[in-house]
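Notes follow the structure.
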Amino acid sequence: MSAITALPVERDKYGYWTHPLYEQFCDGREYISPIEFNAWLDANNLEWTIVCRNEEISLDDDGYDISTWQPETPAGDGWFVGSIHDTEDGSICVWLRKTEGGHHE
């Protein structure tokens with residue numbers, strides 16, 4: 001298994017981006033059980049947190065455009081973007097960072 005580390009975030013024209021190793025784990029699934037997600041975090045010595053976009057977003061013909069949203073980095077050192085995407089409950093940014101041994105939110 002490759003170690004997941006920070007990569008340059010190159011968002012598409014609508015503002016979406018997913019870390020290739022996070023995307024590989026998710027494999028296009030809409031739902032991943034907390035047990036499976038926590039096992040993946042532990043295996044990669046990661047912790048996670050989510051930042052939600054608070055403001056209203058507008059839907060255009062191609063979907064939600066979140067390109068102007070700059071998610072706030074969580075407090076503390078070492079956070080990097082796992083994914084910036086839209087969900088049924090609004091746009092989110094999944095932040096990841098290395099731990100000393102698999103602690104997570």
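How things are named: the first chain in the structure tokens is A, the next is B, and so on; residues count from 1 in each chain; ligands count from 1 in the order shown.
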
- [ ] Name the residues of chain A that fall into strand (DSSP E or B) according to DSSP on the backbone, using the chain letters and numbers of this document, as a VMD selection string.
- [x] chain A and resid 17 to 18 46 to 52 59 to 60 63 to 64 80 to 87 90 to 98

- [ ] Would you mind listing what lies within 12 Å of range 26-34 of chain A as a list in words, with only C-alpha atoms counted and same-chain residues fewer than 5 positions away left out?
- [x]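 Within the cut-off, the hits are Thr18, His19, Pro20, Leu21, Ala39, Trp40, Leu41, Asp42, Gly82, Ser83, His85, Asp86, Thr87, Glu88, His104 and Glu105 of chain A.
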
Task: Filtered DSSP result for chain A, state helix (DSSP H, G or I), as number ranges by chain - done: A: 20-26, 34-43

Create the file for the chosen residues now, containing N, CA, C and O atoms and written as a PDB file, in the first residue's frame.
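Once everything was written out, this is selection39.pdb:
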```
ATOM      1  N   PRO A  20      -5.714  11.039  -5.244  1.00  0.00           N
ATOM      2  CA  PRO A  20      -5.793   9.762  -5.982  1.00  0.00           C
ATOM      3  C   PRO A  20      -5.886   8.521  -5.089  1.00  0.00           C
ATOM      4  O   PRO A  20      -6.625   7.584  -5.415  1.00  0.00           O
ATOM      5  N   LEU A  21      -5.191   8.487  -3.962  1.00  0.00           N
ATOM      6  CA  LEU A  21      -5.254   7.306  -3.095  1.00  0.00           C
ATOM      7  C   LEU A  21      -6.558   7.253  -2.298  1.00  0.00           C
ATOM      8  O   LEU A  21      -7.064   6.174  -2.002  1.00  0.00           O
ATOM      9  N   TYR A  22      -7.117   8.404  -1.985  1.00  0.00           N
ATOM     10  CA  TYR A  22      -8.433   8.451  -1.335  1.00  0.00           C
ATOM     11  C   TYR A  22      -9.493   7.998  -2.334  1.00  0.00           C
ATOM     12  O   TYR A  22     -10.385   7.209  -2.002  1.00  0.00           O
ATOM     13  N   GLU A  23      -9.373   8.474  -3.559  1.00  0.00           N
ATOM     14  CA  GLU A  23     -10.312   8.085  -4.621  1.00  0.00           C
ATOM     15  C   GLU A  23     -10.229   6.586  -4.894  1.00  0.00           C
ATOM     16  O   GLU A  23     -11.246   5.917  -5.090  1.00  0.00           O
ATOM     17  N   GLN A  24      -9.016   6.038  -4.874  1.00  0.00           N
ATOM     18  CA  GLN A  24      -8.831   4.595  -5.093  1.00  0.00           C
ATOM     19  C   GLN A  24      -9.537   3.807  -3.991  1.00  0.00           C
ATOM     20  O   GLN A  24     -10.198   2.810  -4.258  1.00  0.00           O
ATOM     21  N   PHE A  25      -9.408   4.274  -2.751  1.00  0.00           N
ATOM     22  CA  PHE A  25     -10.076   3.604  -1.636  1.00  0.00           C
ATOM     23  C   PHE A  25     -11.599   3.685  -1.788  1.00  0.00           C
ATOM     24  O   PHE A  25     -12.310   2.701  -1.624  1.00  0.00           O
ATOM     25  N   CYS A  26     -12.108   4.875  -2.104  1.00  0.00           N
ATOM     26  CA  CYS A  26     -13.561   5.059  -2.220  1.00  0.00           C
ATOM     27  C   CYS A  26     -14.137   4.298  -3.406  1.00  0.00           C
ATOM     28  O   CYS A  26     -15.253   3.800  -3.347  1.00  0.00           O
ATOM     29  N   PRO A  34     -18.384   3.108   8.508  1.00  0.00           N
ATOM     30  CA  PRO A  34     -17.409   3.693   9.437  1.00  0.00           C
ATOM     31  C   PRO A  34     -16.320   2.707   9.831  1.00  0.00           C
ATOM     32  O   PRO A  34     -15.164   3.085   9.989  1.00  0.00           O
ATOM     33  N   ILE A  35     -16.657   1.435   9.962  1.00  0.00           N
ATOM     34  CA  ILE A  35     -15.670   0.417  10.330  1.00  0.00           C
ATOM     35  C   ILE A  35     -14.603   0.306   9.244  1.00  0.00           C
ATOM     36  O   ILE A  35     -13.408   0.298   9.530  1.00  0.00           O
ATOM     37  N   GLU A  36     -15.028   0.251   7.980  1.00  0.00           N
ATOM     38  CA  GLU A  36     -14.079   0.153   6.873  1.00  0.00           C
ATOM     39  C   GLU A  36     -13.242   1.421   6.757  1.00  0.00           C
ATOM     40  O   GLU A  36     -12.031   1.362   6.541  1.00  0.00           O
ATOM     41  N   PHE A  37     -13.887   2.590   6.906  1.00  0.00           N
ATOM     42  CA  PHE A  37     -13.168   3.856   6.810  1.00  0.00           C
ATOM     43  C   PHE A  37     -12.138   3.974   7.926  1.00  0.00           C
ATOM     44  O   PHE A  37     -10.981   4.339   7.689  1.00  0.00           O
ATOM     45  N   ASN A  38     -12.536   3.639   9.152  1.00  0.00           N
ATOM     46  CA  ASN A  38     -11.606   3.705  10.279  1.00  0.00           C
ATOM     47  C   ASN A  38     -10.446   2.738  10.109  1.00  0.00           C
ATOM     48  O   ASN A  38      -9.303   3.047  10.466  1.00  0.00           O
ATOM     49  N   ALA A  39     -10.695   1.552   9.549  1.00  0.00           N
ATOM     50  CA  ALA A  39      -9.622   0.589   9.293  1.00  0.00           C
ATOM     51  C   ALA A  39      -8.643   1.155   8.267  1.00  0.00           C
ATOM     52  O   ALA A  39      -7.418   0.992   8.403  1.00  0.00           O
ATOM     53  N   TRP A  40      -9.163   1.834   7.237  1.00  0.00           N
ATOM     54  CA  TRP A  40      -8.293   2.458   6.230  1.00  0.00           C
ATOM     55  C   TRP A  40      -7.461   3.567   6.859  1.00  0.00           C
ATOM     56  O   TRP A  40      -6.267   3.685   6.606  1.00  0.00           O
ATOM     57  N   LEU A  41      -8.103   4.392   7.708  1.00  0.00           N
ATOM     58  CA  LEU A  41      -7.369   5.447   8.407  1.00  0.00           C
ATOM     59  C   LEU A  41      -6.254   4.846   9.259  1.00  0.00           C
ATOM     60  O   LEU A  41      -5.107   5.312   9.219  1.00  0.00           O
ATOM     61  N   ASP A  42      -6.582   3.816  10.024  1.00  0.00           N
ATOM     62  CA  ASP A  42      -5.588   3.181  10.892  1.00  0.00           C
ATOM     63  C   ASP A  42      -4.443   2.585  10.085  1.00  0.00           C
ATOM     64  O   ASP A  42      -3.272   2.731  10.441  1.00  0.00           O
ATOM     65  N   ALA A  43      -4.774   1.931   8.975  1.00  0.00           N
ATOM     66  CA  ALA A  43      -3.749   1.310   8.130  1.00  0.00           C
ATOM     67  C   ALA A  43      -2.799   2.344   7.541  1.00  0.00           C
ATOM     68  O   ALA A  43      -1.628   2.061   7.281  1.00  0.00           O
TER      69      ALA A  43
END
```

- [ ] Counting only C-alpha atoms, figure out which residue out of A:Val94, A:Tyr14, A:Glu100, A:Gly76 gets nearest to Tyr64 in chain A.
- [x] A:Tyr14

What are the nearest atom pairs, with distances in Å to one decimal, for all residues of range 33-56 of chain A that come at most 10 Å from range 4-13 of chain A, using only C-alpha atoms, set out by chain and rising residue number as CSV?
```
residue,atom,partner,partner_atom,distance
A:Asn44,CA,A:Ile4,CA,6.9
A:Asn45,CA,A:Ile4,CA,9.2
A:Leu46,CA,A:Ile4,CA,8.7
```

TODO: Measuring atom to atom with only C-alpha atoms, identify which of A:Gln70, A:Ala3, A:Glu47, A:Arg53 is nearest to Arg97 in chain A.
DONE: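 So, comparing all the options, the nearest one is A:Glu47.
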
Task: Separation of CA of Thr68 in chain A from CA of Lys98 in chain A in Å - done: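 Interatomic distance here is 27.6 Å.
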
Task: Point-to-point distance in Å for CA of Asn54 in chain A and CA of Gly78 in chain A - done: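 Pair CA of Gly78 in chain A / CA of Asn54 in chain A returns 23.8 Å.
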